[in-house]
file entry_20.txt (compact mmCIF, C-alpha atoms)
# COMPACT_ATOMS: atom_id res chain seq x y z
CA MET A 933 0.00 0.00 0.00
CA LYS A 934 2.77 2.36 1.03
CA ASN A 935 4.84 1.33 -1.98
CA LYS A 936 1.92 2.08 -4.25
CA LYS A 937 1.62 5.55 -2.77
CA VAL A 938 5.33 6.19 -3.21
CA MET A 939 5.21 4.98 -6.82
CA LYS A 940 2.28 7.28 -7.52
CA GLN A 941 4.04 10.26 -6.00
CA LEU A 942 7.25 9.47 -7.85
CA SER A 943 5.38 9.28 -11.13
CA VAL A 944 3.96 12.76 -10.44
CA LEU A 945 7.49 14.06 -9.90
CA ILE A 946 8.73 12.35 -13.05
CA ALA A 947 5.83 13.88 -14.99
CA ILE A 948 6.73 17.35 -13.67
CA VAL A 949 10.35 16.91 -14.76
CA ALA A 950 9.30 15.53 -18.15
CA VAL A 951 6.89 18.37 -18.89
CA SER A 952 9.49 20.95 -17.80
CA ALA A 953 12.07 19.29 -20.05
CA CYS A 954 9.65 19.42 -22.99
CA ILE A 955 9.06 23.14 -22.37
CA LEU A 956 12.80 23.76 -22.08
CA PHE A 957 13.66 21.92 -25.27
CA SER A 958 10.76 23.33 -27.28
CA SER A 959 11.75 26.86 -26.30
CA ALA A 960 15.31 26.06 -27.36
CA ILE A 961 14.40 25.32 -30.98
CA THR A 962 16.19 27.83 -33.10
CA SER A 963 17.18 28.69 -36.66
CA GLU A 964 20.31 27.68 -38.53
CA GLU A 965 21.49 31.29 -38.55
CA VAL A 966 21.53 31.36 -34.79
CA LEU A 967 23.53 28.16 -34.71
CA ALA A 968 25.94 29.64 -37.23
CA TYR A 969 26.49 32.74 -35.11
CA GLY A 970 26.47 30.70 -32.00
CA SER A 971 24.24 33.10 -30.21
CA ASP A 972 20.76 34.12 -29.51
CA ILE A 973 19.16 36.73 -27.37
CA GLY A 974 18.30 35.10 -24.13
CA GLY A 975 21.21 33.75 -22.21
CA PHE A 976 22.13 34.42 -18.66
CA ALA A 977 25.70 35.35 -18.75
CA GLY A 978 28.85 35.87 -20.62
CA CYS A 979 28.87 37.93 -23.76
CA PHE A 980 25.19 37.38 -24.07
CA THR A 981 24.63 39.75 -21.28
CA CYS A 982 25.64 42.58 -23.59
CA VAL A 983 23.13 41.38 -26.06
CA ILE A 984 20.45 40.97 -23.51
CA LEU A 985 20.89 44.25 -21.77
CA ALA A 986 21.92 46.38 -24.70
CA PRO A 987 21.50 49.20 -25.16
CA ILE A 988 20.56 49.82 -21.58
CA VAL A 989 23.77 49.08 -19.75
CA CYS A 990 26.06 47.87 -22.41
CA THR A 991 28.23 50.93 -22.47
CA SER A 992 28.80 50.74 -18.76
CA TYR A 993 29.93 47.20 -18.68
CA CYS A 994 30.19 44.99 -21.61
CA VAL A 995 30.69 41.59 -20.40
CA GLY A 996 31.82 38.12 -20.38
CA CYS A 997 34.86 38.11 -22.49
CA VAL A 998 36.48 35.43 -20.51
CA CYS A 999 35.52 33.77 -23.72
CA ASP A 1000 37.87 32.85 -26.43
CA GLU A 1001 34.92 32.75 -28.72
CA CYS A 1002 33.80 36.28 -29.04
CA VAL A 1003 32.02 35.50 -32.21
CA TYR A 1004 29.10 35.55 -29.83
CA CYS A 1005 29.47 39.25 -29.45
CA VAL A 1006 28.92 39.86 -33.11
CA THR A 1007 25.22 40.14 -32.51
CA CYS A 1008 25.82 42.92 -30.04
CA GLY A 1009 26.22 46.10 -32.01
CA ASN A 1010 25.46 48.41 -29.19
CA CYS A 1011 28.58 48.28 -27.13
CA GLU A 1012 31.12 51.00 -27.18
CA LEU A 1013 33.55 49.32 -24.86
CA GLY A 1014 34.62 45.79 -24.31
CA CYS A 1015 32.59 43.75 -26.60
CA ARG A 1016 33.05 46.31 -29.32
CA ALA A 1017 36.57 45.01 -29.40
CA CYS A 1018 35.20 41.58 -29.99
CA VAL A 1019 33.10 42.88 -32.84
CA GLU A 1020 35.99 44.64 -34.48
CA ASP A 1021 38.51 41.97 -33.82
CA CYS A 1022 36.33 38.98 -33.92
CA GLY A 1023 38.08 35.70 -33.60
CA SER A 1024 41.12 37.03 -31.85
CA CYS A 1025 39.48 38.84 -29.05
CA VAL A 1026 41.12 37.41 -26.01
CA ASP A 1027 43.51 40.20 -25.05
CA ASP A 1028 41.18 43.05 -25.80
CA CYS A 1029 38.30 41.41 -24.15
CA MET A 1030 40.05 40.69 -20.93
CA ASP A 1031 39.19 44.24 -19.99
CA CYS A 1032 35.53 43.90 -20.54
CA VAL A 1033 34.80 41.23 -18.02
CA GLY A 1034 32.00 42.02 -15.73
CA CYS A 1035 29.43 39.39 -15.92
CA ILE A 1036 26.41 40.22 -13.99
CA GLY A 1037 24.81 37.97 -11.55
CA LEU A 1038 25.15 35.47 -8.80
CA MET B 1409 49.20 20.48 -25.52
CA TYR B 1410 47.09 22.50 -23.11
CA ARG B 1411 43.44 23.12 -23.59
CA ALA B 1412 42.18 26.47 -22.40
CA LEU B 1413 39.03 26.46 -20.39
CA THR B 1414 36.59 28.47 -22.44
CA MET B 1415 33.04 29.44 -21.87
CA HIS B 1416 30.15 27.69 -23.53
CA PRO B 1417 27.18 29.93 -22.91
CA HIS B 1418 24.94 27.88 -25.17
CA ILE B 1419 24.78 24.19 -25.82
CA GLN B 1420 23.84 23.73 -29.42
CA PHE B 1421 22.93 20.67 -31.39
CA SER B 1422 20.69 19.45 -34.17
CA ILE B 1423 18.38 16.46 -34.28
CA ASP B 1424 16.70 15.60 -37.58
CA ASN B 1425 17.31 19.09 -38.96
CA ILE B 1426 15.78 20.68 -35.89
CA ASN B 1427 18.27 23.04 -34.29
CA PHE B 1428 18.48 23.53 -30.56
CA SER B 1429 20.29 26.23 -28.65
CA ILE B 1430 19.92 26.00 -24.90
CA PRO B 1431 21.59 28.44 -22.53
CA SER B 1432 24.05 26.33 -20.55
CA PHE B 1433 23.08 27.88 -17.24
CA THR B 1434 19.40 27.15 -17.85
CA LEU B 1435 20.15 23.54 -18.75
CA VAL B 1436 22.43 22.94 -15.78
CA ALA B 1437 20.02 24.70 -13.41
CA PHE B 1438 17.26 22.50 -14.77
CA ILE B 1439 19.31 19.37 -14.05
CA GLY B 1440 20.08 20.74 -10.59
CA GLY B 1441 16.41 21.44 -10.05
CA ALA B 1442 15.43 17.91 -11.04
CA VAL B 1443 18.04 16.36 -8.74
CA THR B 1444 16.92 18.62 -5.89
CA LEU B 1445 13.28 17.75 -6.51
CA PHE B 1446 13.88 14.02 -6.01
CA TYR B 1447 16.21 14.65 -3.10
CA MET B 1448 13.57 16.79 -1.41
CA TYR B 1449 11.03 14.07 -1.96
CA GLY B 1450 13.22 11.67 0.00
CA ARG B 1451 13.59 14.25 2.76
CA SER B 1452 9.85 14.87 2.89
CA ILE B 1453 9.25 11.18 3.62
CA LYS B 1454 11.83 11.28 6.40
CA PHE B 1455 10.27 14.41 7.90
CA HIS B 1456 6.69 13.17 7.42
CA VAL B 1457 5.75 16.15 5.28
CA GLU B 1458 2.72 15.62 3.11
CA PHE B 1459 3.27 15.32 -0.63
CA ARG B 1460 0.92 18.22 -1.32
CA ASP B 1461 2.89 20.44 1.07
CA LEU B 1462 6.14 19.40 -0.57
CA LEU B 1463 4.86 20.38 -4.02
CA THR B 1464 3.51 23.68 -2.70
CA ALA B 1465 6.85 24.36 -1.01
CA LEU B 1466 8.77 23.62 -4.20
CA VAL B 1467 6.56 25.81 -6.38
CA ALA B 1468 6.66 28.63 -3.82
CA ALA B 1469 10.45 28.30 -3.51
CA LEU B 1470 10.83 28.40 -7.28
CA VAL B 1471 8.63 31.47 -7.70
CA PHE B 1472 9.97 33.43 -4.73
CA GLY B 1473 13.53 32.33 -5.44
CA ALA B 1474 13.29 33.62 -9.00
CA ILE B 1475 11.68 36.88 -7.91
CA GLY B 1476 14.22 37.36 -5.11
CA SER B 1477 17.23 36.75 -7.31
CA ARG B 1478 15.97 39.18 -9.95
CA PHE B 1479 14.90 41.75 -7.42
CA LEU B 1480 18.29 41.86 -5.74
CA PHE B 1481 19.92 42.20 -9.13
CA LEU B 1482 17.61 45.13 -9.78
CA LEU B 1483 18.72 46.71 -6.49
CA THR B 1484 22.37 46.36 -7.41
CA ARG B 1485 21.64 48.30 -10.60
CA LEU B 1486 19.60 50.93 -8.84
CA PRO B 1487 21.87 53.96 -9.50
CA HIS B 1488 21.94 53.15 -13.18
CA LEU B 1489 18.22 52.54 -13.22
CA ILE B 1490 17.48 55.86 -11.53
CA ASN B 1491 19.59 57.71 -14.09
CA ASN B 1492 17.90 55.92 -16.97
CA PHE B 1493 14.49 55.42 -15.52
CA SER B 1494 11.68 54.12 -17.67
CA THR B 1495 9.10 51.40 -17.17
CA GLN B 1496 10.56 49.59 -20.15
CA ASN B 1497 14.00 49.59 -18.55
CA VAL B 1498 12.65 48.24 -15.27
CA ILE B 1499 10.77 45.44 -17.04
CA HIS B 1500 13.78 44.73 -19.23
CA PHE B 1501 16.10 44.49 -16.23
CA PHE B 1502 13.69 42.32 -14.32
CA THR B 1503 12.98 39.89 -17.11
CA ARG B 1504 16.30 39.88 -18.92
CA GLY B 1505 18.81 40.95 -16.34
CA GLY B 1506 21.11 38.91 -14.20
CA ILE B 1507 20.37 36.97 -11.07
CA VAL B 1508 21.90 37.22 -7.62
CA PHE B 1509 22.21 34.11 -5.44
CA TYR B 1510 21.52 35.78 -2.13
CA GLY B 1511 18.29 37.24 -3.48
CA GLY B 1512 17.18 33.76 -4.52
CA LEU B 1513 18.14 32.34 -1.14
CA PHE B 1514 16.12 34.94 0.75
CA GLY B 1515 13.20 34.35 -1.61
CA VAL B 1516 13.29 30.61 -0.90
CA LEU B 1517 13.54 31.11 2.88
CA PHE B 1518 10.67 33.59 2.76
CA ALA B 1519 8.56 31.10 0.76
CA ILE B 1520 9.19 28.32 3.29
CA LYS B 1521 8.37 30.61 6.20
CA MET B 1522 5.13 31.74 4.54
CA LEU B 1523 4.14 28.17 3.71
CA ALA B 1524 4.73 27.09 7.29
CA LYS B 1525 2.52 29.89 8.50
CA TYR B 1526 -0.20 29.28 5.93
CA ARG B 1527 -0.28 25.51 6.37
CA LYS B 1528 0.34 25.67 10.12
CA LEU B 1529 3.51 23.61 9.91
CA SER B 1530 6.69 23.95 11.92
CA ALA B 1531 8.96 26.40 10.12
CA ASN B 1532 12.00 24.96 11.89
CA GLU B 1533 11.15 21.46 10.66
CA LEU B 1534 10.70 22.73 7.11
CA PHE B 1535 14.02 24.58 7.25
CA GLN B 1536 15.67 21.49 8.69
CA MET B 1537 14.26 19.45 5.84
CA SER B 1538 15.12 21.91 3.08
CA THR B 1539 18.52 23.27 4.07
CA PRO B 1540 20.77 20.54 2.57
CA ALA B 1541 18.95 20.97 -0.73
CA ILE B 1542 20.21 24.56 -1.02
CA PRO B 1543 23.95 23.75 -1.34
CA LEU B 1544 23.08 20.67 -3.39
CA PHE B 1545 21.28 22.76 -5.99
CA HIS B 1546 23.87 25.50 -5.77
CA SER B 1547 26.76 23.10 -6.37
CA ILE B 1548 25.19 21.97 -9.63
CA ALA B 1549 24.02 25.42 -10.75
CA ARG B 1550 27.54 26.83 -10.38
CA ILE B 1551 28.66 24.51 -13.16
CA GLY B 1552 26.23 26.50 -15.30
CA CYS B 1553 28.07 29.66 -14.30
CA LEU B 1554 31.36 28.05 -15.26
CA LEU B 1555 30.02 27.14 -18.67
CA GLY B 1556 28.36 30.51 -19.09
CA GLY B 1557 31.59 32.33 -18.35
CA CYS B 1558 30.05 34.43 -15.63
CA CYS B 1559 31.03 35.01 -12.01
CA SER B 1560 34.62 34.68 -13.10
CA GLY B 1561 37.69 35.11 -10.97
CA ARG B 1562 40.70 37.34 -11.24
CA GLN B 1563 43.00 37.01 -14.17
CA LEU B 1564 46.05 34.97 -13.30
CA VAL B 1565 49.53 36.33 -13.85
CA GLU B 1566 50.44 33.00 -15.39
CA PRO B 1567 47.92 30.41 -16.57
CA PHE B 1568 47.35 27.60 -14.12
CA VAL B 1569 47.51 24.12 -15.61
CA LEU B 1570 45.22 21.51 -14.11
CA LEU B 1571 46.16 17.84 -14.41
CA GLY B 1572 48.60 18.75 -17.12
CA ALA B 1573 45.78 19.26 -19.59
CA ILE B 1574 43.49 22.22 -18.94
CA HIS B 1575 44.79 25.70 -18.41
CA PHE B 1576 42.96 28.48 -16.66
CA ASP B 1577 43.56 32.12 -17.53
CA ARG B 1578 41.35 33.16 -14.66
CA LEU B 1579 40.55 31.73 -11.27
CA PRO B 1580 37.63 29.36 -11.83
CA ILE B 1581 35.56 30.79 -8.98
CA PRO B 1582 32.32 29.04 -10.01
CA LEU B 1583 34.19 25.72 -9.85
CA PHE B 1584 35.47 26.53 -6.35
CA GLU B 1585 31.96 27.47 -5.30
CA SER B 1586 30.55 24.29 -6.76
CA ILE B 1587 33.06 22.13 -4.89
CA PHE B 1588 32.56 24.06 -1.66
CA ASN B 1589 28.78 23.75 -1.88
CA PHE B 1590 28.99 20.03 -2.45
CA ILE B 1591 31.28 19.59 0.55
CA LEU B 1592 28.90 21.75 2.59
CA PHE B 1593 25.98 19.59 1.49
CA ALA B 1594 27.82 16.45 2.64
CA ALA B 1595 28.91 18.13 5.88
CA LEU B 1596 25.33 19.15 6.71
CA LEU B 1597 24.20 15.55 6.27
CA ILE B 1598 26.98 14.31 8.56
CA VAL B 1599 26.14 16.95 11.16
CA GLU B 1600 22.46 16.00 10.97
CA LYS B 1601 23.32 12.35 11.43
CA LYS B 1602 25.43 13.10 14.51
CA SER B 1603 22.90 15.36 16.17
CA SER B 1604 19.40 16.15 15.02
CA LYS B 1605 19.32 19.10 17.44
CA ILE B 1606 21.72 21.21 15.43
CA GLU B 1607 19.96 23.82 13.29
CA LEU B 1608 21.11 23.08 9.77
CA LEU B 1609 20.03 26.43 8.37
CA ARG B 1610 22.17 28.27 10.88
CA SER B 1611 25.17 26.03 10.15
CA TYR B 1612 24.65 26.53 6.43
CA LEU B 1613 24.39 30.30 6.68
CA TRP B 1614 27.51 30.54 8.88
CA SER B 1615 29.53 28.45 6.47
CA TYR B 1616 28.32 29.91 3.21
CA ALA B 1617 28.36 33.56 4.29
CA LEU B 1618 31.93 33.20 5.56
CA PHE B 1619 33.04 31.38 2.42
CA ARG B 1620 31.31 33.87 0.16
CA PHE B 1621 32.85 36.80 1.96
CA ILE B 1622 36.34 35.38 1.37
CA ILE B 1623 35.87 34.12 -2.18
CA GLU B 1624 34.52 37.49 -3.31
CA PHE B 1625 38.02 38.94 -2.92
CA PHE B 1626 39.10 36.68 -5.75
CA ARG B 1627 36.29 37.54 -8.13
CA GLY B 1628 37.30 39.38 -11.27
CA ASP B 1629 33.98 40.81 -12.33
CA LEU B 1630 34.17 44.11 -10.54
CA ALA B 1631 31.43 45.65 -12.64
CA ARG B 1632 28.94 44.08 -10.27
CA GLY B 1633 29.62 46.90 -7.91
CA ILE B 1634 31.98 47.62 -5.06
CA PHE B 1635 30.75 49.78 -2.21
CA PHE B 1636 33.24 51.01 0.38
CA GLY B 1637 35.69 48.29 -0.59
CA PHE B 1638 33.26 45.37 -0.48
CA SER B 1639 30.97 43.85 -3.07
CA THR B 1640 27.22 43.57 -2.64
CA SER B 1641 27.53 39.90 -1.71
CA GLN B 1642 30.19 40.70 0.87
CA TRP B 1643 27.93 43.28 2.50
CA ILE B 1644 25.11 40.76 2.59
CA SER B 1645 27.50 38.15 4.04
CA ILE B 1646 28.54 40.63 6.74
CA ILE B 1647 24.90 41.31 7.63
CA ILE B 1648 24.17 37.56 7.81
CA LEU B 1649 27.22 36.90 9.99
CA MET B 1650 26.36 39.78 12.30
CA PHE B 1651 22.77 38.59 12.59
CA LEU B 1652 23.89 35.04 13.36
CA GLY B 1653 26.46 36.30 15.84
CA MET B 1654 23.79 38.30 17.59
CA ARG B 1655 21.47 35.28 17.71
CA CYS B 1656 24.26 33.16 19.19
CA PHE B 1657 24.97 35.79 21.83
CA LEU B 1658 21.28 36.05 22.77
CA ASP B 1659 20.96 32.26 22.93
CA TYR B 1660 24.04 32.05 25.13
CA LYS B 1661 22.65 34.78 27.40
CA LYS B 1662 19.37 32.92 27.68
CA LYS B 1663 21.18 29.72 28.62
CA VAL B 1664 23.23 31.47 31.29
CA GLU B 1665 20.11 33.07 32.76
CA ALA B 1666 18.31 29.75 32.73
CA LEU B 1667 21.22 28.15 34.63
CA LYS B 1668 21.11 30.93 37.23
CA LEU B 1669 17.46 30.18 37.87

call {"tool": "encode", "arguments": {"input": "entry_20.txt", "output": "structure tokens"}}
result
Amino acid sequence: MKNKKVMKQLSVLIAIVAVSACILFSSAITSEEVLAYGSDIGGFAGCFTCVILAPIVCTSYCVGCVCDECVYCVTCGNCELGCRACVEDCGSCVDDCMDCVGCIGL
Amino acid sequence: MYRALTMHPHIQFSIDNINFSIPSFTLVAFIGGAVTLFYMYGRSIKFHVEFRDLLTALVAALVFGAIGSRFLFLLTRLPHLINNFSTQNVIHFFTRGGIVFYGGLFGVLFAIKMLAKYRKLSANELFQMSTPAIPLFHSIARIGCLLGGCCSGRQLVEPFVLLGAIHFDRLPIPLFESIFNFILFAALLIVEKKSSKIELLRSYLWSYALFRFIIEFFRGDLARGIFFGFSTSQWISIIILMFLGMRCFLDYKKKVEALKL
């Protein structure tokens, strides 16, 4: 009886996780262009933060260029500091971008 | 041949010509959430908490945790927001901005407290049940930070090579936090096993606030804001430690007075 109850409760939890996973993956469907650029608006951190917050705060702290892959920043045309360097010097951004670290959060 | 540790803000793949691009942090936090969900279920059986209450607690923790983490982020950006005030900016910051751990933590604690009051349950029991889940989730979520490239540490003078294979240009603070949180999770379980009288939430807050205060000195993302030499998280850590210290003092005083009687 108790086992049956536990199984039922566990199946509810599994259903919750499964539905959440479906929502997560369906919202993650994207175009080939996005894959090619490697970016999309809607991340949490790193260079995406410029994209997300631009043009609101981007000039005060462009972010995330701990990355060696600043191709991500290409989509961010609003920065005047930091990530601008990534845009202009895309692909070899490491040194320039070391100055523009400042990921927001946590 | 060394391999530099680089960020991977998005995990991208294609299945049958359908392209997926998932933010790494979201994916890792989701995995952390799922692990925590099942762990909490096990704890709820041990603490004889009804399944319905567990689900309510989890939903409330999720909602208030999300609101808290965003709200605190908003507060850290207050000067900027005041200078550039518009409703659009506020909404944009709140929905698309960053998240702050302490805000999420306070949101979760508030949710548990409210649930206890609403459902007439013991708040202390609920905190005792939930506390180990906090560092457990946090230890997994920090891997998302590592992948996302955020919360980074100071730049090293010379790259540090780990296991002769991976080199770090910066201190991998999220990795340190992840390891610390996992050790803290294990330690809380050991402490609980040794004595069920010890308040786990208090032990957790002591440990994490102290750790966070120290580790913040090694963070490299100064743009988050430094006020009078300390970051926002350090100020919050100080407040937590002072509050806990005061509680300890008052408890000690009570004990002494009780002995006198």

call {"tool": "closest_residue", "arguments": {"input": "entry_20.txt", "among": "B:Ala1666, B:Leu1571, B:Ile1507, B:Leu1652", "to": "Ala1617 in chain B", "atoms": "all atoms listed in the file"}}
result
B:Leu1652

call {"tool": "closest_residue", "arguments": {"input": "entry_20.txt", "among": "B:Tyr1447, B:Phe1568, B:Phe1472, B:Phe1619", "to": "Pro1540 in chain B", "atoms": "only C-alpha atoms"}}
result
B:Tyr1447

call {"tool": "atom_distance", "arguments": {"input": "entry_20.txt", "atom1": "CA of Lys934 in chain A", "atom2": "CA of Glu1458 in chain B"}}
result
13.4 Å

call {"tool": "atom_distance", "arguments": {"input": "entry_20.txt", "atom1": "CA of Trp1643 in chain B", "atom2": "CA of Arg1627 in chain B"}}
result
14.7 Å

call {"tool": "atom_distance", "arguments": {"input": "entry_20.txt", "atom1": "CA of Phe1428 in chain B", "atom2": "CA of Thr962 in chain A"}}
result
5.5 Å

call {"tool": "axis_aligned_box", "arguments": {"input": "entry_20.txt", "around": "range 1479-1498 of chain B", "padding_each_side": "5 Å", "output": "AutoDock Vina command-line options"}}
result
--center_x 15.7 --center_y 49.7 --center_z -12.9 --size_x 23.3 --size_y 26.0 --size_z 24.4

call {"tool": "closest_residue", "arguments": {"input": "entry_20.txt", "among": "A:Cys954, A:Ala960, A:Val944, A:Val938", "to": "chain B", "atoms": "only C-alpha atoms"}}
result
A:Ala960

call {"tool": "residues_around", "arguments": {"input": "entry_20.txt", "residues": "range 1526-1535 of chain B", "least_positions_apart": "2", "cutoff": "12 Å", "atoms": "all atoms listed in the file", "output": "PyMOL selection string"}}
result
chain B and resi 1448+1451-1452+1454-1458+1460-1462+1464-1466+1468-1469+1516-1524+1537-1542+1604-1613

call {"tool": "residues_around", "arguments": {"input": "entry_20.txt", "residues": "Gly1552 in chain B", "least_positions_apart": "4", "cutoff": "8 Å", "atoms": "only C-alpha atoms", "output": "list in words"}}
result
Ser1432, Phe1433, Thr1434, Leu1435, Val1436, Ala1437, Ile1548 and Gly1556 of chain B

call {"tool": "residues_around", "arguments": {"input": "entry_20.txt", "residues": "Phe957 in chain A", "least_positions_apart": "4", "cutoff": "12 Å", "atoms": "all atoms listed in the file", "output": "ChimeraX atom specification"}}
result
/A:950-953,961-962 /B:1419-1423,1426-1431,1434-1435,1438

call {"tool": "write_last_selection", "arguments": {"input": "entry_20.txt", "atoms": "C-alpha atoms", "output": "JSON list (two decimals), in the frame of the given file"}}
result
[["chain", "number", "residue", "atom", "x", "y", "z"],
["A", 950, "ALA", "CA", 9.30, 15.53, -18.15],
["A", 951, "VAL", "CA", 6.89, 18.37, -18.89],
["A", 952, "SER", "CA", 9.49, 20.95, -17.80],
["A", 953, "ALA", "CA", 12.07, 19.29, -20.05],
["A", 961, "ILE", "CA", 14.40, 25.32, -30.98],
["A", 962, "THR", "CA", 16.19, 27.83, -33.10],
["B", 1419, "ILE", "CA", 24.78, 24.19, -25.82],
["B", 1420, "GLN", "CA", 23.84, 23.73, -29.42],
["B", 1421, "PHE", "CA", 22.93, 20.67, -31.39],
["B", 1422, "SER", "CA", 20.69, 19.45, -34.17],
["B", 1423, "ILE", "CA", 18.38, 16.46, -34.28],
["B", 1426, "ILE", "CA", 15.78, 20.68, -35.89],
["B", 1427, "ASN", "CA", 18.27, 23.04, -34.29],
["B", 1428, "PHE", "CA", 18.48, 23.53, -30.56],
["B", 1429, "SER", "CA", 20.29, 26.23, -28.65],
["B", 1430, "ILE", "CA", 19.92, 26.00, -24.90],
["B", 1431, "PRO", "CA", 21.59, 28.44, -22.53],
["B", 1434, "THR", "CA", 19.40, 27.15, -17.85],
["B", 1435, "LEU", "CA", 20.15, 23.54, -18.75],
["B", 1438, "PHE", "CA", 17.26, 22.50, -14.77]]

call {"tool": "closest_residue", "arguments": {"input": "entry_20.txt", "among": "B:Phe1588, B:Trp1614, B:Phe1635, B:Tyr1449", "to": "chain A", "atoms": "all atoms listed in the file"}}
result
B:Tyr1449

call {"tool": "residues_around", "arguments": {"input": "entry_20.txt", "residues": "Glu1585 in chain B", "least_positions_apart": "6", "cutoff": "9 Å", "atoms": "all atoms listed in the file", "output": "PyMOL selection string"}}
result
chain B and resi 1546-1547+1550+1619-1620+1623

call {"tool": "build_atoms", "arguments": {"input": "entry_20.txt", "residues": "range 1452-1458 of chain B", "atoms": "all heavy atoms", "output": "mmCIF file, keeping the file's coordinate frame"}}
result
data_model
loop_
_atom_site.group_PDB
_atom_site.id
_atom_site.type_symbol
_atom_site.label_atom_id
_atom_site.label_comp_id
_atom_site.auth_asym_id
_atom_site.auth_seq_id
_atom_site.Cartn_x
_atom_site.Cartn_y
_atom_site.Cartn_z
ATOM 1 N N SER B 1452 11.223 14.657 2.426
ATOM 2 C CA SER B 1452 9.850 14.870 2.890
ATOM 3 C C SER B 1452 9.284 13.597 3.532
ATOM 4 O O SER B 1452 8.514 13.667 4.487
ATOM 5 C CB SER B 1452 8.948 15.327 1.747
ATOM 6 O OG SER B 1452 8.670 14.266 0.874
ATOM 7 N N ILE B 1453 9.701 12.443 3.025
ATOM 8 C CA ILE B 1453 9.250 11.180 3.620
ATOM 9 C C ILE B 1453 9.851 11.048 5.028
ATOM 10 O O ILE B 1453 9.164 10.730 5.987
ATOM 11 C CB ILE B 1453 9.640 9.975 2.737
ATOM 12 C CG1 ILE B 1453 8.852 10.032 1.421
ATOM 13 C CG2 ILE B 1453 9.381 8.644 3.459
ATOM 14 C CD1 ILE B 1453 9.273 9.021 0.384
ATOM 15 N N LYS B 1454 11.146 11.376 5.112
ATOM 16 C CA LYS B 1454 11.830 11.280 6.400
ATOM 17 C C LYS B 1454 11.212 12.222 7.436
ATOM 18 O O LYS B 1454 11.107 11.881 8.611
ATOM 19 C CB LYS B 1454 13.311 11.629 6.184
ATOM 20 C CG LYS B 1454 14.180 11.394 7.387
ATOM 21 C CD LYS B 1454 15.613 11.808 7.105
ATOM 22 C CE LYS B 1454 16.387 11.815 8.395
ATOM 23 N NZ LYS B 1454 17.697 12.415 8.252
ATOM 24 N N PHE B 1455 10.815 13.398 6.982
ATOM 25 C CA PHE B 1455 10.270 14.410 7.900
ATOM 26 C C PHE B 1455 8.739 14.362 8.008
ATOM 27 O O PHE B 1455 8.126 15.245 8.594
ATOM 28 C CB PHE B 1455 10.717 15.807 7.471
ATOM 29 C CG PHE B 1455 12.123 16.136 7.877
ATOM 30 C CD1 PHE B 1455 13.201 15.646 7.145
ATOM 31 C CD2 PHE B 1455 12.385 16.917 8.992
ATOM 32 C CE1 PHE B 1455 14.506 15.939 7.517
ATOM 33 C CE2 PHE B 1455 13.682 17.210 9.366
ATOM 34 C CZ PHE B 1455 14.753 16.707 8.639
ATOM 35 N N HIS B 1456 8.150 13.356 7.397
ATOM 36 C CA HIS B 1456 6.690 13.170 7.420
ATOM 37 C C HIS B 1456 5.933 14.407 6.942
ATOM 38 O O HIS B 1456 4.936 14.820 7.539
ATOM 39 C CB HIS B 1456 6.217 12.799 8.834
ATOM 40 C CG HIS B 1456 6.956 11.619 9.395
ATOM 41 N ND1 HIS B 1456 6.812 10.351 8.886
ATOM 42 C CD2 HIS B 1456 7.882 11.535 10.386
ATOM 43 C CE1 HIS B 1456 7.607 9.527 9.547
ATOM 44 N NE2 HIS B 1456 8.278 10.224 10.454
ATOM 45 N N VAL B 1457 6.438 14.995 5.875
ATOM 46 C CA VAL B 1457 5.750 16.150 5.280
ATOM 47 C C VAL B 1457 4.866 15.627 4.153
ATOM 48 O O VAL B 1457 5.305 14.809 3.338
ATOM 49 C CB VAL B 1457 6.776 17.179 4.739
ATOM 50 C CG1 VAL B 1457 6.087 18.271 3.935
ATOM 51 C CG2 VAL B 1457 7.538 17.800 5.904
ATOM 52 N N GLU B 1458 3.646 16.099 4.126
ATOM 53 C CA GLU B 1458 2.720 15.620 3.110
ATOM 54 C C GLU B 1458 3.190 15.990 1.703
ATOM 55 O O GLU B 1458 3.797 17.042 1.510
ATOM 56 C CB GLU B 1458 1.335 16.232 3.335
ATOM 57 C CG GLU B 1458 0.525 15.489 4.377
ATOM 58 C CD GLU B 1458 -0.869 16.072 4.519
ATOM 59 O OE1 GLU B 1458 -1.445 16.524 3.510
ATOM 60 O OE2 GLU B 1458 -1.355 16.078 5.654
#
